[in-house]
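Structure file model39.txt; described as compact mmCIF, C-alpha atoms.
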```
# COMPACT_ATOMS: atom_id res chain seq x y z
CA MET A 1 -167.58 103.34 -29.60
CA SER A 2 -167.02 105.53 -26.55
CA ASN A 3 -163.93 107.71 -26.66
CA ILE A 4 -163.81 109.23 -23.17
CA TYR A 5 -160.10 108.47 -22.85
CA GLY A 6 -159.11 110.11 -26.15
CA ASP A 7 -161.32 113.14 -25.56
CA TRP A 8 -159.84 113.66 -22.09
CA LEU A 9 -156.29 113.36 -23.45
CA LYS A 10 -157.08 116.01 -26.05
CA GLN A 11 -158.52 118.32 -23.37
CA GLN A 12 -155.37 117.98 -21.25
CA ARG A 13 -153.10 118.56 -24.25
CA GLU A 14 -154.99 121.71 -25.26
CA ALA A 15 -155.05 122.92 -21.64
CA ALA A 16 -151.25 122.58 -21.66
CA ASP A 17 -151.19 124.63 -24.88
CA LEU A 18 -149.43 121.87 -26.80
CA THR A 19 -149.98 120.81 -30.41
CA GLN A 20 -150.10 117.11 -31.24
CA GLN A 21 -146.61 117.39 -32.71
CA GLN A 22 -145.22 119.11 -29.60
CA LEU A 23 -146.70 116.44 -27.34
CA ALA A 24 -145.33 113.74 -29.64
CA ASP A 25 -141.85 115.25 -29.45
CA VAL A 26 -141.90 115.31 -25.65
CA THR A 27 -143.24 111.76 -25.29
CA ILE A 28 -141.03 110.21 -28.02
CA MET A 29 -144.06 109.28 -30.11
CA THR A 30 -145.34 110.33 -33.54
CA ARG A 31 -147.97 112.96 -34.21
CA SER A 32 -150.17 110.45 -36.02
CA HIS A 33 -150.02 108.08 -33.05
CA ILE A 34 -151.21 110.89 -30.75
CA ALA A 35 -153.97 111.70 -33.25
CA HIS A 36 -155.13 108.08 -33.33
CA ILE A 37 -155.23 107.87 -29.52
CA GLU A 38 -157.25 111.07 -29.30
CA ALA A 39 -159.66 109.84 -31.98
CA GLY A 40 -160.16 106.52 -30.18
CA ARG A 41 -158.56 104.45 -32.92
CA ARG A 42 -155.59 103.30 -30.81
CA VAL A 43 -154.94 102.41 -27.18
CA PRO A 44 -151.54 103.60 -25.91
CA SER A 45 -149.17 101.10 -24.37
CA LYS A 46 -148.53 101.40 -20.63
CA GLU A 47 -145.20 103.07 -21.35
CA ASP A 48 -146.83 105.53 -23.76
CA ALA A 49 -149.44 106.37 -21.12
CA ARG A 50 -146.73 106.88 -18.48
CA ARG A 51 -144.90 109.35 -20.72
CA LEU A 52 -148.15 111.15 -21.53
CA ASP A 53 -148.89 111.53 -17.81
CA ALA A 54 -145.40 112.92 -17.22
CA ALA A 55 -145.62 115.38 -20.12
CA LEU A 56 -149.09 116.65 -19.18
CA ASN A 57 -148.63 116.58 -15.39
CA THR A 58 -151.71 114.40 -14.99
CA GLY A 59 -150.30 112.23 -12.20
CA ASN A 60 -151.02 108.63 -13.17
CA VAL A 61 -154.51 109.18 -14.60
CA LEU A 62 -153.72 108.15 -18.18
CA SER A 63 -151.75 105.15 -16.93
CA SER A 64 -154.42 104.01 -14.46
CA PHE A 65 -157.45 104.34 -16.71
CA LEU A 66 -156.21 102.74 -19.92
CA PRO A 67 -159.14 101.38 -21.97
CA GLU A 68 -159.41 97.63 -22.11
CA GLU A 69 -157.02 96.50 -24.84
CA GLU A 70 -158.93 93.40 -25.84
CA VAL A 71 -162.60 94.31 -25.50
CA ALA A 72 -164.54 92.31 -28.05
CA VAL A 73 -167.03 94.64 -29.72
CA ALA A 74 -168.52 94.46 -33.17
CA ASP A 75 -167.39 97.89 -34.31
CA TYR A 76 -163.72 97.11 -33.67
CA PHE A 77 -163.53 95.99 -37.27
CA THR A 78 -164.37 99.56 -38.29
CA VAL A 79 -161.14 100.61 -36.59
CA ALA A 80 -159.24 97.66 -38.12
CA ARG A 81 -160.49 98.60 -41.57
CA HIS A 82 -159.35 102.19 -41.07
CA LEU A 83 -155.88 100.98 -40.05
CA GLU A 84 -155.80 98.62 -43.03
CA GLN A 85 -155.87 101.67 -45.30
CA GLN A 86 -152.76 103.11 -43.59
CA ALA A 87 -150.66 99.95 -43.31
CA VAL A 88 -147.39 99.53 -45.17
CA SER A 89 -147.55 95.76 -44.76
CA ILE A 90 -150.38 93.35 -44.02
CA GLN A 91 -150.00 89.69 -43.12
CA GLU A 92 -153.21 87.69 -43.30
CA PHE A 93 -153.87 84.20 -42.03
CA ALA A 94 -157.07 82.41 -43.03
CA LEU A 95 -158.20 79.13 -41.50
CA SER A 96 -161.60 78.60 -43.09
CA TYR A 97 -162.24 80.99 -45.96
CA VAL A 98 -160.48 83.52 -48.18
CA PRO A 99 -159.77 86.84 -46.38
CA GLY A 100 -162.29 89.56 -47.28
CA VAL A 101 -159.82 91.83 -49.06
CA LEU A 102 -158.96 88.97 -51.47
CA GLN A 103 -162.46 87.71 -52.19
CA THR A 104 -164.20 87.83 -55.57
CA GLU A 105 -167.70 89.27 -55.69
CA GLU A 106 -169.37 85.90 -56.30
CA TYR A 107 -167.43 84.31 -53.43
CA MET A 108 -168.56 87.17 -51.16
CA ARG A 109 -172.17 86.70 -52.14
CA ALA A 110 -171.94 82.95 -51.59
CA ILE A 111 -170.67 83.50 -48.02
CA MET A 112 -173.31 86.12 -47.25
CA GLY A 113 -176.06 83.94 -48.68
CA THR A 114 -175.45 81.22 -46.08
CA SER A 115 -176.44 83.31 -43.04
CA PHE A 116 -179.50 82.44 -41.01
CA ILE A 117 -181.77 84.42 -41.11
CA PRO A 118 -180.85 85.28 -44.75
CA ARG A 119 -179.69 88.85 -45.37
CA SER A 120 -181.77 91.07 -47.60
CA GLU A 121 -180.54 91.75 -51.12
CA GLU A 122 -179.94 95.41 -50.15
CA GLU A 123 -177.81 94.43 -47.15
CA CYS A 124 -175.78 91.98 -49.26
CA ASP A 125 -175.20 94.69 -51.88
CA ARG A 126 -174.00 97.10 -49.20
CA LEU A 127 -171.58 94.57 -47.70
CA VAL A 128 -170.25 93.60 -51.13
CA VAL A 129 -169.56 97.24 -52.00
CA THR A 130 -167.72 97.68 -48.69
CA ARG A 131 -165.48 94.66 -49.34
CA LEU A 132 -164.79 95.67 -52.92
CA GLU A 133 -163.79 99.13 -51.65
CA ARG A 134 -161.36 97.45 -49.23
CA ALA A 135 -159.83 95.51 -52.12
CA LYS A 136 -158.83 98.77 -53.81
CA ILE A 137 -155.77 98.91 -51.53
CA LEU A 138 -154.30 96.23 -53.82
CA GLU A 139 -154.51 98.55 -56.80
CA ALA A 140 -153.55 101.93 -55.36
CA SER A 141 -150.08 103.38 -55.74
CA GLY A 142 -148.11 102.86 -52.56
CA SER A 143 -150.38 99.95 -51.65
CA PRO A 144 -149.25 97.78 -48.72
CA ALA A 145 -147.19 94.65 -49.16
CA LEU A 146 -149.62 91.80 -48.51
CA TRP A 147 -148.85 88.23 -47.47
CA ALA A 148 -151.66 85.69 -47.37
CA LEU A 149 -151.00 82.52 -45.40
CA LEU A 150 -153.84 80.10 -46.16
CA ASP A 151 -154.70 76.84 -44.51
CA GLU A 152 -155.20 74.33 -47.35
CA ALA A 153 -158.78 73.89 -46.10
CA VAL A 154 -159.52 77.38 -47.47
CA LEU A 155 -158.93 76.05 -50.98
CA ARG A 156 -160.64 72.69 -50.48
CA ARG A 157 -163.85 73.92 -48.82
CA VAL A 158 -166.37 74.48 -51.62
CA VAL A 159 -168.06 77.86 -51.18
CA GLY A 160 -170.75 78.70 -53.73
CA GLY A 161 -170.01 75.72 -55.97
CA PRO A 162 -167.13 74.66 -58.24
CA GLU A 163 -167.47 77.59 -60.64
CA VAL A 164 -167.28 80.18 -57.88
CA MET A 165 -164.31 78.38 -56.32
CA ALA A 166 -162.47 78.09 -59.64
CA GLU A 167 -162.70 81.84 -60.21
CA GLN A 168 -161.80 82.65 -56.59
CA VAL A 169 -158.71 80.46 -56.58
CA MET A 170 -157.61 81.81 -59.97
CA HIS A 171 -158.11 85.35 -58.65
CA LEU A 172 -155.54 84.57 -55.98
CA ALA A 173 -153.21 83.03 -58.57
CA ARG A 174 -153.45 86.10 -60.82
CA LEU A 175 -152.66 88.44 -57.94
CA VAL A 176 -149.57 86.37 -57.16
CA GLU A 177 -148.47 86.34 -60.79
CA ARG A 178 -148.86 90.11 -61.01
CA GLY A 179 -146.70 90.53 -57.94
CA ARG A 180 -149.51 92.17 -55.94
CA ILE A 181 -149.47 89.62 -53.12
CA ARG A 182 -147.59 86.58 -51.83
CA VAL A 183 -149.58 83.45 -51.03
CA HIS A 184 -148.27 80.55 -48.97
CA VAL A 185 -150.37 77.47 -48.30
CA LEU A 186 -150.19 75.44 -45.10
CA PRO A 187 -150.63 71.80 -46.19
CA GLN A 188 -153.33 69.83 -44.40
CA ASP A 189 -150.93 67.01 -43.62
CA ILE A 190 -148.85 69.11 -41.20
CA GLY A 191 -151.60 68.61 -38.62
CA PHE A 192 -151.80 71.07 -35.72
CA HIS A 193 -150.14 74.46 -36.21
CA PRO A 194 -149.79 77.65 -34.10
CA LEU A 195 -152.65 79.51 -35.83
CA MET A 196 -155.39 76.90 -35.44
CA ASP A 197 -157.39 79.23 -33.15
CA GLY A 198 -158.77 81.42 -35.93
CA MET A 199 -158.21 84.26 -38.37
CA LEU A 200 -155.32 86.70 -37.84
CA THR A 201 -154.25 89.96 -39.47
CA LEU A 202 -150.94 91.66 -38.63
CA MET A 203 -150.49 95.27 -39.71
CA ARG A 204 -147.35 97.41 -39.69
CA PHE A 205 -147.17 101.15 -40.27
CA GLU A 206 -144.62 103.75 -41.21
CA ASP A 207 -144.98 105.84 -38.06
CA GLN A 208 -147.12 103.86 -35.61
CA PRO A 209 -146.70 100.71 -33.52
CA PRO A 210 -147.91 97.47 -35.16
CA VAL A 211 -151.30 95.95 -34.36
CA ALA A 212 -152.96 92.56 -34.64
CA TYR A 213 -156.59 91.84 -35.43
CA THR A 214 -158.10 88.46 -34.57
CA GLU A 215 -161.51 87.15 -35.44
CA GLY A 216 -163.54 84.22 -34.19
CA LEU A 217 -167.19 83.24 -34.10
CA GLY A 218 -168.93 86.62 -34.29
CA ILE A 219 -166.12 88.31 -32.36
CA GLY A 220 -163.35 90.62 -33.54
CA LYS A 221 -160.53 91.97 -31.37
CA LEU A 222 -157.95 94.64 -32.13
CA HIS A 223 -154.73 94.13 -30.14
CA ASP A 224 -152.37 97.06 -29.39
CA SER A 225 -150.38 95.49 -26.57
CA PRO A 226 -146.75 95.08 -27.79
CA SER A 227 -146.38 91.74 -25.99
CA VAL A 228 -149.59 90.35 -27.52
CA VAL A 229 -148.65 91.57 -31.00
CA ARG A 230 -145.20 89.97 -30.65
CA GLU A 231 -146.80 86.67 -29.64
CA PHE A 232 -149.03 86.69 -32.73
CA GLU A 233 -146.07 87.64 -34.93
CA THR A 234 -144.15 84.66 -33.55
CA ARG A 235 -147.07 82.32 -34.19
CA TYR A 236 -147.36 83.62 -37.75
CA ALA A 237 -143.66 83.15 -38.38
CA LEU A 238 -143.74 79.58 -37.04
CA ALA A 239 -146.73 78.68 -39.21
CA LEU A 240 -145.15 80.36 -42.23
CA SER A 241 -142.02 78.26 -41.76
CA ASP A 242 -144.16 75.12 -42.21
CA SER A 243 -145.92 76.42 -45.33
CA MET A 244 -145.26 75.71 -49.00
CA SER A 245 -142.97 78.02 -50.98
CA LEU A 246 -144.47 80.78 -53.12
CA LYS A 247 -143.71 78.78 -56.27
CA ASP A 248 -145.25 75.58 -54.94
CA SER A 249 -148.23 77.46 -53.53
CA LEU A 250 -148.91 79.08 -56.90
CA SER A 251 -148.69 75.67 -58.58
CA LEU A 252 -151.18 74.30 -56.06
CA LEU A 253 -153.57 77.21 -56.68
CA ARG A 254 -153.55 76.45 -60.40
CA ASP A 255 -154.06 72.71 -59.81
CA VAL A 256 -156.95 73.32 -57.43
CA ALA A 257 -158.60 75.76 -59.87
CA LYS A 258 -158.28 73.15 -62.60
CA ASP A 259 -159.87 70.55 -60.33
CA TYR A 260 -162.82 72.94 -59.92
CA GLY A 261 -163.17 73.13 -63.68
CA HIS A 262 -161.12 76.21 -64.58
CA HIS A 263 -159.61 76.20 -68.07
CA ASP A 264 -156.86 78.63 -69.11
```

Would you mind writing the structure in this file as structure tokens?
Amino acid sequence: MSNIYGDWLKQQREAADLTQQQLADVTIMTRSHIAHIEAGRRVPSKEDARRLDAALNTGNVLSSFLPEEEVAVADYFTVARHLEQQAVSIQEFALSYVPGVLQTEEYMRAIMGTSFIPRSEEECDRLVVTRLERAKILEASGSPALWALLDEAVLRRVVGGPEVMAEQVMHLARLVERGRIRVHVLPQDIGFHPLMDGMLTLMRFEDQPPVAYTEGLGIGKLHDSPSVVREFETRYALALSDSMSLKDSLSLLRDVAKDYGHHD
């Protein structure tokens, strides 16, 4: 992904003989946020860009030539995955299938095996390893707090057969019981809800502005715009308010796993 904007910002900062921390202090930002903008991992807000222009005496260049905030490109997930590792809290919403970071290996392989034209065994192995590496954030010390809001269809849609589903649903139940995640299920009978458009991930950080990542049919978008992120946060909160409690959701997970043939 091109990083002309970040590279130019770095050149102007160095020409002004400022460290990232010094520029951050002047612009009321954090050093890590400056670093992410320079590396092309974040897009500054309009207000951030205005303050950067003022601090670096660059007129309105950084404000006028902001990268598109919602360009849909395949490698945006690479950036989202990087941010996932830094987040202090992650809120997932899944409409159709279990979010990648919570998938079992057999569930992953079942999803990958449905593509047309079928993936090679080597490609499937590579993708599985990548997803299993992502899942390590649930085990690491200082791991992010993770909420999973699941449409009930995620549990009812049979992926890979009853045995695969039984183990996948029980995997979620075990994570809840261990206190690693919170799962809330949106019952099918509530009808339309504010997150019907697709998959959503909200990420918050210790020293950076929050972001949202949305995914549709072959398209992923990373959203930095504060107004867009707030809108998605509101949608998530509204959908969460219609969901089942943690206790009832856990009970449903166990019942569904039993229906698929799981035995304690």

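Going from atom CA of Gly40 of chain A over to atom CA of Pro209 of chain A, you cover 15.0 Å.
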
### Summary
Using only C-alpha atoms, the shortest atom-to-atom distance to Arg230 of chain A among A:Ser249, A:Ala212, A:Leu66, A:Phe192 belongs to A:Ala212

So that I can see what lies close to segment 20-29 of chain A, please list as a PDB file with C-alpha atoms, in the frame of the given file the residues with an atom at most 7 Å from it, counting all atoms listed in the file and leaving out residues fewer than 4 positions away in the same chain.
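around.pdb written:
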```pdb
ATOM      1  CA  HIS A  33    -150.020 108.080 -33.050  1.00  0.00           C
ATOM      2  CA  ILE A  34    -151.210 110.890 -30.750  1.00  0.00           C
ATOM      3  CA  ALA A  35    -153.970 111.700 -33.250  1.00  0.00           C
ATOM      4  CA  ARG A  51    -144.900 109.350 -20.720  1.00  0.00           C
ATOM      5  CA  LEU A  52    -148.150 111.150 -21.530  1.00  0.00           C
ATOM      6  CA  ALA A  55    -145.620 115.380 -20.120  1.00  0.00           C
TER       7      ALA A  55
END
```

### Separation of atom CA of Asp197 of chain A from atom CA of Arg254 of chain A in Å
27.7 Å

### Query
From the list A:Ala94, A:Leu83, A:Ile4, A:Leu217, which residue is nearest Arg42 of chain A when using all atoms listed in the file?
A:Leu83

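Taking only C-alpha atoms into account, the residues near (-152.3, 95.3, -32.9), no farther than 10 Å, are Arg42, Val43, Glu69, Glu70, Ala80, Leu83, Thr201, Leu202, Met203, Arg204, Pro209, Pro210, Val211, Ala212, Tyr213, Thr214, Lys221, Leu222, His223, Asp224, Ser225, Pro226, Ser227, Val228, Val229, Arg230 and Phe232 of chain A.
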
### Message
Give me, as a ChimeraX atom specification, all polymer residues having an atom no more than 12 Å from Tyr107 of chain A, counting only C-alpha atoms and skipping those fewer than 5 positions away in the same chain.
### Response
/A:97-102,112-114,128,131-132,157-169,171

### Task
Using only C-alpha atoms, give me every residue within 9 Å of (-152.2, 110.2, -19.0) in file coordinates, as a PyMOL selection string.
chain A and resi 5+8-9+12+48-66

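From atom CA of Arg81 of chain A back to atom CA of Leu155 of chain A, the distance works out to 24.5 Å.
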
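Among the candidate residues A:Thr30, A:Asn3, A:Ser89, A:Ser251, the one lying nearest to Phe205 of chain A is A:Ser89, with distances computed using all atoms listed in the file.
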
### Query
Looking at A:Pro187, A:Gly220, A:Pro67, A:Gly261, which one is nearest to Lys46 of chain A, with distances taken over only C-alpha atoms?
A:Pro67

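When only C-alpha atoms are used to measure the gap to Tyr236 of chain A, the shortest distance among A:Thr19, A:Ser32, A:Thr130, A:Gln91 belongs to A:Gln91.
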
Which residues of segment 91-156 of chain A come within 10 Å of segment 173-179 of chain A, and for each one, what is the closest pair of atoms and their distance in Å to one decimal, counting all atoms listed in the file, sorted by chain and residue number, as JSON lines?
```
{"residue": "A:Leu102", "atom": "CA", "partner": "A:Leu175", "partner_atom": "CA", "distance": 9.0}
{"residue": "A:Leu138", "atom": "CA", "partner": "A:Leu175", "partner_atom": "CA", "distance": 9.0}
{"residue": "A:Ala145", "atom": "CA", "partner": "A:Gly179", "partner_atom": "CA", "distance": 9.7}
{"residue": "A:Leu146", "atom": "CA", "partner": "A:Gly179", "partner_atom": "CA", "distance": 10.0}
{"residue": "A:Trp147", "atom": "CA", "partner": "A:Val176", "partner_atom": "CA", "distance": 9.9}
```
